[in-house]
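Structure data (mmCIF, C-alpha atoms) from structure18.cif:
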```cif
data_my_file
loop_
_atom_site.label_atom_id
_atom_site.label_comp_id
_atom_site.auth_asym_id
_atom_site.auth_seq_id
_atom_site.Cartn_x
_atom_site.Cartn_y
_atom_site.Cartn_z
CA MET M 1 26.28 -32.97 -38.13
CA ALA M 2 26.35 -29.35 -39.32
CA ASP M 3 28.24 -26.84 -37.23
CA GLU M 4 25.68 -24.63 -35.47
CA SER M 5 28.04 -22.81 -33.14
CA TRP M 6 26.86 -19.56 -34.75
CA ARG M 7 23.63 -19.95 -32.76
CA LEU M 8 25.53 -19.28 -29.53
CA PRO M 9 26.56 -15.61 -29.42
CA ASN M 10 29.54 -14.52 -27.36
CA SER M 11 29.44 -12.16 -24.43
CA VAL M 12 29.83 -8.74 -26.01
CA GLN M 13 31.58 -7.59 -22.87
CA GLN M 14 34.23 -10.27 -23.42
CA LEU M 15 34.57 -9.35 -27.10
CA ALA M 16 35.05 -5.68 -26.22
CA ALA M 17 37.86 -6.58 -23.84
CA SER M 18 39.67 -8.90 -26.22
CA MET M 19 39.20 -7.63 -29.81
CA GLN M 20 40.37 -4.57 -31.70
CA GLU M 21 37.66 -4.90 -34.36
CA PRO M 22 34.07 -6.17 -33.98
CA PRO M 23 33.32 -9.52 -35.66
CA SER M 24 31.50 -9.27 -39.00
CA GLN M 25 28.14 -10.36 -37.48
CA TYR M 26 27.95 -7.01 -35.68
CA LEU M 27 28.79 -4.75 -38.63
CA LEU M 28 26.06 -2.82 -40.37
CA ARG M 29 25.40 -3.74 -43.96
CA GLU M 30 26.23 -1.30 -46.74
CA GLN M 31 22.60 -0.36 -47.40
CA GLU M 32 22.03 0.28 -43.70
CA LEU M 33 24.95 2.69 -43.64
CA LEU M 34 23.52 4.50 -46.66
CA ASP M 35 20.18 4.90 -44.88
CA GLY M 36 21.53 7.30 -42.28
CA ASN M 37 24.40 8.54 -40.17
CA LEU M 38 24.69 6.80 -36.80
CA ALA M 39 25.71 10.10 -35.22
CA GLY M 40 22.08 11.22 -35.36
CA ALA M 41 20.69 14.74 -35.16
CA GLU M 42 19.91 16.87 -32.16
CA MET M 43 16.22 16.95 -31.26
CA PRO M 44 14.44 20.03 -32.64
CA GLU M 45 12.99 20.70 -29.19
CA PRO M 46 13.66 19.36 -25.68
CA VAL M 47 12.34 15.88 -24.85
CA PRO M 48 8.68 16.34 -23.81
CA THR M 49 8.58 16.22 -20.00
CA ILE M 50 5.29 15.66 -18.18
CA ASP M 51 4.72 16.50 -14.50
CA LEU M 52 3.04 13.21 -13.66
CA GLY M 53 2.18 14.21 -10.10
CA LEU M 54 0.34 17.32 -11.28
CA LEU M 55 -1.37 15.44 -14.11
CA SER M 56 -2.52 12.59 -11.87
CA ALA M 57 -3.67 14.68 -8.93
CA SER M 58 -5.78 17.25 -10.76
CA TYR M 59 -5.66 16.38 -14.48
CA ASP M 60 -3.94 19.67 -15.18
CA LEU M 61 -5.04 20.74 -18.65
CA GLU M 62 -1.64 22.15 -19.61
CA GLU M 63 0.10 18.88 -18.70
CA ALA M 64 -2.62 16.90 -20.52
CA ALA M 65 -2.05 18.97 -23.66
CA LYS M 66 1.71 18.35 -23.42
CA LEU M 67 1.07 14.60 -23.09
CA ARG M 68 -1.27 14.57 -26.09
CA SER M 69 1.29 16.45 -28.18
CA ALA M 70 4.13 14.12 -27.11
CA LEU M 71 2.14 11.02 -28.04
CA GLN M 72 1.12 12.43 -31.39
CA THR M 73 4.52 13.74 -32.44
CA TRP M 74 7.07 11.40 -30.81
CA GLY M 75 5.36 8.44 -29.14
CA PHE M 76 7.58 8.88 -26.08
CA PHE M 77 8.05 11.36 -23.26
CA GLN M 78 9.76 11.83 -19.90
CA VAL M 79 7.94 12.00 -16.58
CA SER M 80 9.06 14.07 -13.63
CA ASN M 81 7.45 14.30 -10.17
CA HIS M 82 6.56 10.62 -10.57
CA GLY M 83 6.83 9.69 -6.90
CA MET M 84 9.82 7.37 -7.08
CA GLU M 85 12.70 8.29 -4.80
CA ALA M 86 15.95 9.29 -6.48
CA SER M 87 17.76 6.93 -4.11
CA MET M 88 15.68 4.01 -5.40
CA MET M 89 16.58 4.79 -9.00
CA ASP M 90 20.24 5.17 -8.12
CA SER M 91 20.25 1.85 -6.24
CA VAL M 92 18.81 0.00 -9.26
CA MET M 93 21.41 1.49 -11.57
CA THR M 94 24.23 0.71 -9.15
CA ALA M 95 23.07 -2.90 -8.70
CA SER M 96 22.77 -3.27 -12.48
CA ARG M 97 26.29 -2.01 -13.08
CA GLU M 98 27.69 -4.23 -10.32
CA PHE M 99 26.02 -7.29 -11.86
CA PHE M 100 27.52 -6.69 -15.29
CA HIS M 101 30.93 -6.13 -13.70
CA LEU M 102 30.87 -9.60 -12.12
CA SER M 103 32.98 -12.35 -13.67
CA LEU M 104 31.51 -14.10 -16.72
CA GLU M 105 31.37 -17.31 -14.70
CA GLU M 106 29.25 -15.62 -12.03
CA LYS M 107 26.91 -14.01 -14.58
CA LYS M 108 26.44 -17.34 -16.38
CA LYS M 109 24.76 -18.70 -13.25
CA CYS M 110 21.79 -16.70 -14.56
CA SER M 111 22.27 -17.81 -18.20
CA ASN M 112 19.45 -17.76 -20.74
CA LEU M 113 20.84 -20.91 -22.34
CA ILE M 114 19.56 -24.28 -21.10
CA ASP M 115 22.38 -26.85 -21.01
CA GLY M 116 24.54 -24.19 -22.61
CA LYS M 117 22.77 -24.29 -25.98
CA TYR M 118 18.97 -24.01 -25.86
CA PHE M 119 17.70 -20.44 -25.84
CA GLN M 120 15.06 -19.08 -23.49
CA VAL M 121 13.93 -15.48 -23.05
CA GLU M 122 14.72 -15.17 -19.36
CA GLY M 123 18.22 -14.91 -18.02
CA TYR M 124 21.60 -13.37 -18.80
CA GLY M 125 23.06 -13.38 -22.29
CA ASN M 126 22.00 -12.07 -25.69
CA ASP M 127 18.98 -12.22 -27.94
CA GLN M 128 18.32 -15.44 -29.84
CA VAL M 129 20.32 -15.95 -33.05
CA ARG M 130 17.91 -17.35 -35.65
CA THR M 131 19.96 -17.16 -38.87
CA GLN M 132 23.64 -17.11 -39.79
CA ASP M 133 23.35 -13.73 -41.50
CA GLN M 134 21.49 -12.10 -38.59
CA ARG M 135 23.16 -8.86 -37.56
CA LEU M 136 23.88 -8.95 -33.84
CA ASP M 137 23.52 -6.20 -31.27
CA TRP M 138 26.55 -4.85 -29.38
CA SER M 139 24.99 -5.44 -25.97
CA ASP M 140 24.48 -8.02 -23.25
CA ARG M 141 21.30 -8.18 -21.22
CA LEU M 142 19.58 -9.70 -18.24
CA HIS M 143 15.89 -10.39 -18.91
CA LEU M 144 13.65 -11.26 -15.95
CA ARG M 145 9.94 -11.90 -15.49
CA VAL M 146 8.65 -9.66 -12.72
CA GLU M 147 4.88 -10.16 -12.98
CA PRO M 148 2.78 -12.06 -12.26
CA GLU M 149 4.78 -12.26 -9.06
CA GLY M 150 3.98 -15.95 -8.69
CA GLY M 151 5.57 -16.58 -12.09
CA ARG M 152 8.99 -15.23 -11.19
CA ASN M 153 11.75 -17.69 -12.05
CA LEU M 154 14.18 -16.80 -9.28
CA VAL M 155 16.88 -19.13 -10.58
CA HIS M 156 17.64 -16.35 -13.08
CA TRP M 157 17.58 -13.55 -10.50
CA PRO M 158 21.13 -12.66 -9.42
CA THR M 159 22.14 -13.20 -5.81
CA HIS M 160 25.05 -10.78 -6.31
CA PRO M 161 25.06 -7.97 -5.62
CA LYS M 162 23.09 -8.85 -2.50
CA SER M 163 20.72 -5.91 -2.90
CA PHE M 164 19.70 -6.85 -6.44
CA ARG M 165 16.55 -8.87 -5.72
CA ASP M 166 15.14 -6.51 -3.12
CA ASP M 167 15.93 -3.48 -5.27
CA LEU M 168 14.19 -4.97 -8.28
CA HIS M 169 11.12 -5.97 -6.26
CA GLU M 170 10.70 -2.47 -4.82
CA TYR M 171 11.46 -0.81 -8.13
CA ALA M 172 8.85 -2.96 -9.89
CA LEU M 173 6.18 -1.93 -7.37
CA LYS M 174 6.95 1.76 -7.91
CA CYS M 175 7.00 1.40 -11.71
CA LYS M 176 3.65 -0.40 -11.67
CA ARG M 177 2.06 2.58 -9.94
CA ILE M 178 3.64 4.94 -12.48
CA LYS M 179 2.33 2.75 -15.31
CA GLY M 180 -1.18 3.04 -13.88
CA ASP M 181 -0.94 6.83 -13.60
CA VAL M 182 0.24 7.12 -17.23
CA LEU M 183 -2.50 4.82 -18.56
CA ARG M 184 -5.23 6.72 -16.70
CA ALA M 185 -3.98 10.00 -18.10
CA MET M 186 -3.95 8.55 -21.62
CA ALA M 187 -7.50 7.23 -21.17
CA LYS M 188 -8.71 10.69 -20.21
CA ILE M 189 -7.08 12.15 -23.31
CA LEU M 190 -9.03 9.61 -25.37
CA GLU M 191 -12.23 10.47 -23.48
CA LEU M 192 -12.47 6.91 -22.21
CA ASP M 193 -13.34 5.66 -18.75
CA GLU M 194 -10.38 6.43 -16.51
CA ASP M 195 -9.54 2.75 -15.93
CA CYS M 196 -10.26 1.56 -19.47
CA LEU M 197 -6.61 1.12 -20.46
CA VAL M 198 -5.56 -0.13 -17.02
CA ASN M 199 -8.21 -2.87 -17.33
CA GLN M 200 -6.54 -4.18 -20.50
CA PHE M 201 -3.95 -5.74 -18.17
CA ASN M 202 -5.40 -8.75 -16.35
CA SER M 203 -3.75 -10.86 -13.64
CA ASP M 204 -1.87 -12.90 -16.28
CA ALA M 205 -0.39 -9.86 -18.04
CA PRO M 206 3.40 -10.23 -18.03
CA THR M 207 5.90 -7.62 -16.92
CA PHE M 208 9.57 -8.10 -17.78
CA ALA M 209 12.60 -6.18 -16.60
CA ARG M 210 15.45 -5.95 -19.06
CA PHE M 211 18.86 -4.76 -17.87
CA ASN M 212 20.97 -3.65 -20.83
CA HIS M 213 24.75 -3.32 -20.87
CA PHE M 214 26.46 -1.64 -23.82
CA PRO M 215 30.26 -2.06 -23.58
CA PRO M 216 32.58 0.38 -25.37
CA CYS M 217 32.75 -0.42 -29.08
CA PRO M 218 35.84 0.15 -31.24
CA ARG M 219 33.68 0.99 -34.28
CA PRO M 220 30.67 3.05 -33.20
CA ASP M 221 30.37 4.20 -36.81
CA LEU M 222 29.60 0.63 -37.95
CA VAL M 223 27.91 -1.10 -35.01
CA LEU M 224 24.60 -0.63 -33.19
CA GLY M 225 23.92 -1.43 -29.56
CA ILE M 226 20.32 -2.38 -30.42
CA LYS M 227 19.01 -2.45 -33.97
CA PRO M 228 15.99 -0.34 -35.04
CA HIS M 229 12.68 -1.59 -33.67
CA ALA M 230 9.38 -0.58 -32.12
CA ASP M 231 8.61 -2.11 -28.72
CA PHE M 232 6.03 -4.89 -28.69
CA PRO M 233 4.63 -4.47 -25.14
CA ALA M 234 1.95 -1.87 -24.54
CA LEU M 235 4.15 0.39 -22.44
CA THR M 236 7.83 0.71 -21.55
CA VAL M 237 9.24 2.54 -18.54
CA LEU M 238 12.93 3.23 -19.11
CA LEU M 239 15.57 4.15 -16.56
CA MET M 240 18.44 5.66 -18.53
CA ASP M 241 22.12 6.17 -17.84
CA LYS M 242 22.79 9.60 -16.33
CA ASP M 243 26.23 9.95 -17.91
CA VAL M 244 26.16 8.34 -21.37
CA ALA M 245 23.60 8.93 -24.12
CA GLY M 246 22.87 6.44 -26.91
CA LEU M 247 19.12 6.19 -27.47
CA GLN M 248 17.81 7.52 -30.78
CA TYR M 249 14.25 7.89 -32.10
CA LEU M 250 13.15 8.03 -35.74
CA ARG M 251 10.80 10.76 -36.90
CA ASP M 252 10.10 11.79 -40.49
CA GLY M 253 13.12 9.89 -41.76
CA THR M 254 15.63 11.40 -39.30
CA TRP M 255 17.21 9.73 -36.27
CA TYR M 256 17.26 12.05 -33.26
CA ASN M 257 19.51 11.73 -30.20
CA VAL M 258 17.89 11.55 -26.76
CA PRO M 259 20.16 13.19 -24.16
CA ALA M 260 21.32 11.24 -21.13
CA ALA M 261 18.84 11.21 -18.23
CA CYS M 262 18.72 14.21 -15.93
CA ASP M 263 16.94 15.10 -12.70
CA HIS M 264 15.88 11.47 -12.17
CA THR M 265 13.23 11.48 -14.85
CA LEU M 266 11.89 8.29 -16.41
CA LEU M 267 11.24 7.83 -20.12
CA ILE M 268 7.88 6.36 -21.18
CA ASN M 269 7.49 4.72 -24.58
CA ILE M 270 4.28 3.30 -26.06
CA GLY M 271 4.49 0.05 -27.96
CA LEU M 272 2.83 -1.91 -30.73
CA THR M 273 0.17 -3.43 -28.47
CA MET M 274 -0.98 0.00 -27.31
CA GLU M 275 -0.89 1.41 -30.84
CA VAL M 276 -3.20 -1.31 -32.13
CA THR M 277 -5.48 -1.04 -29.09
CA ILE M 278 -6.14 2.71 -29.12
CA SER M 279 -5.89 3.47 -32.83
CA GLU M 280 -8.64 5.93 -33.81
CA PRO M 281 -8.29 8.62 -36.46
CA GLN M 282 -11.29 10.66 -35.38
CA ILE M 283 -9.98 11.28 -31.88
CA MET M 284 -6.29 11.79 -32.64
CA THR M 285 -5.62 14.72 -34.95
CA ASN M 286 -2.54 13.05 -36.40
CA GLY M 287 -4.30 9.73 -36.84
CA ILE M 288 -2.95 7.49 -34.07
CA PHE M 289 -0.63 7.18 -31.11
CA THR M 290 2.28 5.47 -32.84
CA GLY M 291 4.75 3.08 -31.23
CA PRO M 292 7.96 4.85 -32.31
CA MET M 293 10.94 3.27 -34.01
CA HIS M 294 14.11 3.60 -31.97
CA ARG M 295 17.64 2.20 -31.71
CA VAL M 296 20.74 2.44 -29.53
CA VAL M 297 24.11 3.56 -30.85
CA THR M 298 27.44 2.62 -29.30
CA ASN M 299 30.22 4.64 -27.68
CA ALA M 300 33.93 4.20 -28.37
CA ASP M 301 35.09 4.96 -24.83
CA LYS M 302 32.30 4.47 -22.31
CA GLU M 303 29.92 1.72 -21.26
CA ARG M 304 26.22 2.46 -20.94
CA ILE M 305 23.52 0.93 -18.73
CA SER M 306 19.73 1.10 -19.02
CA VAL M 307 16.83 -0.70 -17.33
CA ALA M 308 13.55 -1.18 -19.17
CA MET M 309 10.28 -2.36 -17.65
CA PHE M 310 8.06 -3.87 -20.36
CA TYR M 311 4.32 -4.09 -19.68
CA GLY M 312 2.56 -6.62 -21.88
CA VAL M 313 -0.95 -8.03 -22.02
CA ASP M 314 -2.07 -11.61 -21.41
CA PRO M 315 -0.60 -13.71 -24.28
CA GLU M 316 -4.02 -15.31 -24.81
CA GLN M 317 -5.74 -11.92 -25.06
CA GLU M 318 -6.99 -10.86 -28.46
CA ILE M 319 -5.45 -7.54 -29.48
CA GLY M 320 -7.52 -5.01 -31.37
CA PRO M 321 -9.00 -1.50 -31.11
CA ILE M 322 -11.12 -0.80 -28.03
CA ALA M 323 -14.80 -1.14 -28.93
CA HIS M 324 -15.69 2.30 -27.54
CA LEU M 325 -13.41 3.89 -30.15
CA LEU M 326 -15.15 2.28 -33.13
CA SER M 327 -18.19 3.31 -35.17
CA GLU M 328 -19.55 2.89 -38.69
CA GLU M 329 -17.83 6.13 -39.65
CA GLN M 330 -14.59 5.11 -37.99
CA PRO M 331 -14.10 1.33 -38.35
CA ALA M 332 -11.18 -0.67 -36.98
CA GLN M 333 -7.84 0.18 -38.57
CA TYR M 334 -6.18 -3.11 -37.54
CA ARG M 335 -7.23 -6.74 -37.71
CA LYS M 336 -7.45 -8.63 -34.44
CA MET M 337 -4.85 -11.19 -33.36
CA LYS M 338 -3.89 -12.96 -30.15
CA ALA M 339 -1.02 -11.28 -28.37
CA LYS M 340 1.13 -14.42 -28.48
CA ASP M 341 0.76 -14.72 -32.28
CA LEU M 342 1.53 -11.05 -32.77
CA LEU M 343 4.66 -11.48 -30.66
CA VAL M 344 5.92 -14.24 -32.98
CA LEU M 345 5.57 -11.91 -35.98
CA HIS M 346 7.30 -9.14 -34.08
CA HIS M 347 10.32 -11.31 -33.22
CA GLU M 348 10.63 -12.49 -36.82
CA HIS M 349 10.68 -8.90 -38.08
CA TYR M 350 13.13 -7.76 -35.42
CA ALA M 351 15.60 -10.63 -35.89
CA GLY M 352 15.65 -10.04 -39.63
CA GLY M 353 15.94 -6.27 -39.28
CA ARG M 354 13.04 -5.95 -41.71
CA GLY M 355 10.54 -3.18 -42.38
CA PRO M 356 7.92 -1.85 -42.57
CA ARG M 357 6.96 -1.78 -38.94
CA ILE M 358 5.06 -4.90 -37.97
CA ALA M 359 2.06 -2.73 -36.99
CA ASP M 360 1.69 -1.71 -40.64
CA ALA M 361 1.32 -5.37 -41.60
CA LEU M 362 -1.78 -5.61 -39.37
CA LYS M 363 -3.67 -2.74 -40.98
CA ILE M 364 -6.94 -3.73 -42.61
#
```

Rewrite the coordinates I just gave you, this time as C-alpha cells.
Amino acid sequence: MADESWRLPNSVQQLAASMQEPPSQYLLREQELLDGNLAGAEMPEPVPTIDLGLLSASYDLEEAAKLRSALQTWGFFQVSNHGMEASMMDSVMTASREFFHLSLEEKKKCSNLIDGKYFQVEGYGNDQVRTQDQRLDWSDRLHLRVEPEGGRNLVHWPTHPKSFRDDLHEYALKCKRIKGDVLRAMAKILELDEDCLVNQFNSDAPTFARFNHFPPCPRPDLVLGIKPHADFPALTVLLMDKDVAGLQYLRDGTWYNVPAACDHTLLINIGLTMEVTISEPQIMTNGIFTGPMHRVVTNADKERISVAMFYGVDPEQEIGPIAHLLSEEQPAQYRKMKAKDLLVLHHEHYAGGRGPRIADALKI
C-alpha cells in the first residue's frame, strides 16, 4: 500500500517550536516569489471605516457614499460604532489564544480528523491536503459550525477554556445583527428593497466560525500564513489581532498591508457568493462589487490570532444575479450554479493555488 502520510499535515505550532527551517511543503515556489514581495506596500489611504450605527439608524448619506466607495475600490472595509461591546471582543480573542496555548493532546479532542486520518471541515487542525505538491499554510485553525444553531456539532467545540462556548454563542448573536445591518445598507446602495440581500439567507444558510493561529515563522520571506484567495461565503466578519498585523489585500497588482486592528473595529469582507449575486454594471460605476483577493503573511517573532465569521447561503440554493438587477440592456454577467457545486470548484482552485479567481470562470 502506498504511503499517504503526506495527507496528514502536522500541527504548525509544533513545527514552529521544534524546527529551525520550515519543511519544503510550506515554502513558496520560485514563480510565486517573483510575483511579488511578501513585505507588501502601505495602503495609499487609511482602511475605509464606516460608522455602522450612524448608517443603520438614519442612512447617513456621507457614510453610504463611503461604503459604496469602499466596496468599489477595495471590497472590504472596517465598521465602527457597530454595537458590540469591546469586552465581548476581548473575551473572544482571549479565549481563542488560550485554546491554541493548550497542549496538543487537549486540542486534538476537537480534531478535524476522523479516526486520525479522514478529513472533515469542522474541528481543530489544518486544511485538507489533496495533493503531494500542495503548498501548505503556516497556520492552525479551529473551524466550527455556528448556524443553524440546531446543526452545531458540539463535540468539536472546546470545553477549555471554560468560557469558550458561551463566548462564541454570544459573539455569534452580535455578529449576526451586524451582518444584517451591513446587508441592509448594501441593499439601499443598490436601490433594492432593504431586506433583499438579508432574504438571500434562509434558515438552512450556514455560518462558520474560524479561529486562526499563526505561530512565529523562521522564514517569513518564504512562507505564507494563508495563501492568496477570495472568500467563498457571501460575507465575512473578521476580528483581527490588536498587536500583530499580517493581512494583505491585492489591488491593481500590488499587495497592500492592513494595519493591526484598533479601537475595536471589525473588518467586513464580501465574498464570491455576494459578488455573483449582486453583479450589475449599470448600477456600479466600476462594474461590480468584487470579492477581493487577500492573503496572510507570517511574522518571525510573534504569533497572530484572528477570528472570522463566514456567512454562506443554503448549499442547495442556486447562485446567480438578483432578478431585479437584470434587464435586456444589462443581462446576467454570471451563469447560475448551486452553492454546493460552486464551493467544490472554489476548494479545488484554492488547494491548487490557481488563478484566475474562480468568479472569473463563471462569467458568461

Excluding Pro23 in chain M and any residue of its chain fewer than 2 positions from it, enumerate the residues within 12 Å of it, using only C-alpha atoms, and give them as a list in words.
Trp6, Pro9, Asn10, Val12, Leu15, Ala16, Ser18, Met19, Gln20, Glu21, Gln25, Tyr26, Leu27, Leu28, Arg135, Leu136, Asp137, Trp138, Cys217, Pro218, Arg219, Leu222 and Val223 of chain M

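The residues returned by the PyMOL selection byres ((chain M and resi 76-82) around 6) on the shown structure are Pro48, Thr49, Ile50, Asp51, Leu52, Gly53, Trp74, Gly75, Gly83, Met84, Thr265, Leu266, Leu267, Ile268 and Asn269 of chain M.
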
Let's have the selection written as a compact mmCIF listing (two decimals), in the frame of the given file, with C-alpha atoms.
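Saved file selection_4.txt follows:
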```txt
# COMPACT_ATOMS: atom_id res chain seq x y z
CA PRO M 48 8.68 16.34 -23.81
CA THR M 49 8.58 16.22 -20.00
CA ILE M 50 5.29 15.66 -18.18
CA ASP M 51 4.72 16.50 -14.50
CA LEU M 52 3.04 13.21 -13.66
CA GLY M 53 2.18 14.21 -10.10
CA TRP M 74 7.07 11.40 -30.81
CA GLY M 75 5.36 8.44 -29.14
CA GLY M 83 6.83 9.69 -6.90
CA MET M 84 9.82 7.37 -7.08
CA THR M 265 13.23 11.48 -14.85
CA LEU M 266 11.89 8.29 -16.41
CA LEU M 267 11.24 7.83 -20.12
CA ILE M 268 7.88 6.36 -21.18
CA ASN M 269 7.49 4.72 -24.58
```

Could you jot down the CA of Val313 in chain M to CA of Ser203 in chain M separation for me, Å, one decimal place?
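Value for the CA of Val313 in chain M-CA of Ser203 in chain M distance: 9.3 Å.
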
Might you pull out every residue within 9 Å of Asp204 in chain M, with only C-alpha atoms counted and same-chain residues fewer than 4 positions away left off, and present them as a PyMOL selection string?
chain M and resi 147-148+313-315

Save the residues we just selected, C-alpha atoms, as a compact mmCIF listing (two decimals), in the frame of the given file?
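Result file selection-v3.txt:
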```
# COMPACT_ATOMS: atom_id res chain seq x y z
CA GLU M 147 4.88 -10.16 -12.98
CA PRO M 148 2.78 -12.06 -12.26
CA VAL M 313 -0.95 -8.03 -22.02
CA ASP M 314 -2.07 -11.61 -21.41
CA PRO M 315 -0.60 -13.71 -24.28
```

Which residue, M:Lys108, M:Lys174, M:Arg130, M:Arg295, has the smallest gap to His156 in chain M when you use only C-alpha atoms?
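Counting only C-alpha atoms, the residue closest to His156 in chain M is M:Lys108.
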
Taking 4 positions as the minimum chain separation for residues in the same chain, which residues sit within 10 Å of range 247-255 of chain M when counting only C-alpha atoms? Answer as a VMD selection string.
chain M and resid 35 to 43 73 to 76 225 to 226 228 to 230 240 259 to 260 292 to 298 306

Can you work out the spacing between CA of Glu85 in chain M and CA of Glu170 in chain M in Å, to one decimal?
10.9 Å

Restricting the calculation to only C-alpha atoms, which member of M:Cys175, M:Ile114, M:Val182, M:Leu235 is positioned closest to Met89 in chain M?
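For Met89 in chain M, the nearest of the given residues is M:Cys175.
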
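The shortest atom-to-atom distance to His160 in chain M, with only C-alpha atoms taken into account, belongs to M:Phe99 out of M:Phe211, M:Phe99, M:Phe201, M:Tyr118.
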
Point-to-point distance in Å for CA of Leu104 in chain M and CA of Ala209 in chain M:
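Atom-to-atom, CA of Ala209 in chain M and CA of Leu104 in chain M are spaced 20.5 Å apart.
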
Need the shell around Lys109 in chain M: protein/DNA/RNA residues with any atom at most 12 Å away, counting all atoms listed in the file. Skip same-chain ones fewer than 6 positions apart. Format as a PyMOL selection string?
chain M and resi 99+102-103+115-116+123-125+142+154-160

Just the residues within 12 Å of Leu183 in chain M, please, counting all atoms listed in the file, with nothing from its chain fewer than 6 positions along; format it as number ranges by chain.
M: 52, 55-56, 67, 176-177, 189-190, 192-201, 234-237, 268-270, 274, 278, 311

Restricting the output to C-alpha atoms, write the selected residues as a PDB file, keeping the file's coordinate frame.
```pdb
ATOM      1  CA  LEU M  52       3.040  13.210 -13.660  1.00  0.00           C
ATOM      2  CA  LEU M  55      -1.370  15.440 -14.110  1.00  0.00           C
ATOM      3  CA  SER M  56      -2.520  12.590 -11.870  1.00  0.00           C
ATOM      4  CA  LEU M  67       1.070  14.600 -23.090  1.00  0.00           C
ATOM      5  CA  LYS M 176       3.650  -0.400 -11.670  1.00  0.00           C
ATOM      6  CA  ARG M 177       2.060   2.580  -9.940  1.00  0.00           C
ATOM      7  CA  ILE M 189      -7.080  12.150 -23.310  1.00  0.00           C
ATOM      8  CA  LEU M 190      -9.030   9.610 -25.370  1.00  0.00           C
ATOM      9  CA  LEU M 192     -12.470   6.910 -22.210  1.00  0.00           C
ATOM     10  CA  ASP M 193     -13.340   5.660 -18.750  1.00  0.00           C
ATOM     11  CA  GLU M 194     -10.380   6.430 -16.510  1.00  0.00           C
ATOM     12  CA  ASP M 195      -9.540   2.750 -15.930  1.00  0.00           C
ATOM     13  CA  CYS M 196     -10.260   1.560 -19.470  1.00  0.00           C
ATOM     14  CA  LEU M 197      -6.610   1.120 -20.460  1.00  0.00           C
ATOM     15  CA  VAL M 198      -5.560  -0.130 -17.020  1.00  0.00           C
ATOM     16  CA  ASN M 199      -8.210  -2.870 -17.330  1.00  0.00           C
ATOM     17  CA  GLN M 200      -6.540  -4.180 -20.500  1.00  0.00           C
ATOM     18  CA  PHE M 201      -3.950  -5.740 -18.170  1.00  0.00           C
ATOM     19  CA  ALA M 234       1.950  -1.870 -24.540  1.00  0.00           C
ATOM     20  CA  LEU M 235       4.150   0.390 -22.440  1.00  0.00           C
ATOM     21  CA  THR M 236       7.830   0.710 -21.550  1.00  0.00           C
ATOM     22  CA  VAL M 237       9.240   2.540 -18.540  1.00  0.00           C
ATOM     23  CA  ILE M 268       7.880   6.360 -21.180  1.00  0.00           C
ATOM     24  CA  ASN M 269       7.490   4.720 -24.580  1.00  0.00           C
ATOM     25  CA  ILE M 270       4.280   3.300 -26.060  1.00  0.00           C
ATOM     26  CA  MET M 274      -0.980   0.000 -27.310  1.00  0.00           C
ATOM     27  CA  ILE M 278      -6.140   2.710 -29.120  1.00  0.00           C
ATOM     28  CA  TYR M 311       4.320  -4.090 -19.680  1.00  0.00           C
TER      29      TYR M 311
END
```

Distance criterion (all atoms listed in the file): nearest to Asn299 in chain M out of M:Asp263, M:Asp243, M:Glu122, M:Glu62:
M:Asp243

Could you tell me which of M:Ile305, M:Leu342, M:Ala187, M:Ala17 comes closest to Arg97 in chain M if we count all atoms listed in the file?
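Residue with the minimum atom-to-atom distance to Arg97 in chain M: M:Ile305.
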
Just range 203-219 of chain M from the block, C-alpha atoms, as a short mmCIF file (atom, residue, chain, number, x, y, z; two decimals), in the first residue's frame, could you?
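Final file, selection.cif:
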```cif
data_model
loop_
_atom_site.label_atom_id
_atom_site.label_comp_id
_atom_site.auth_asym_id
_atom_site.auth_seq_id
_atom_site.Cartn_x
_atom_site.Cartn_y
_atom_site.Cartn_z
CA SER M 203 -32.96 29.05 7.75
CA ASP M 204 -30.52 26.49 6.28
CA ALA M 205 -27.83 29.06 5.44
CA PRO M 206 -24.62 28.03 7.23
CA THR M 207 -22.46 30.24 9.40
CA PHE M 208 -18.99 29.04 10.37
CA ALA M 209 -16.53 30.49 12.85
CA ARG M 210 -12.88 30.01 12.01
CA PHE M 211 -10.25 30.68 14.67
CA ASN M 212 -6.84 31.14 13.06
CA HIS M 213 -3.49 30.79 14.81
CA PHE M 214 -0.32 31.89 13.02
CA PRO M 215 2.77 30.82 15.00
CA PRO M 216 6.09 32.65 14.54
CA CYS M 217 7.79 31.53 11.33
CA PRO M 218 11.58 31.36 10.88
CA ARG M 219 11.27 32.31 7.18
#
```
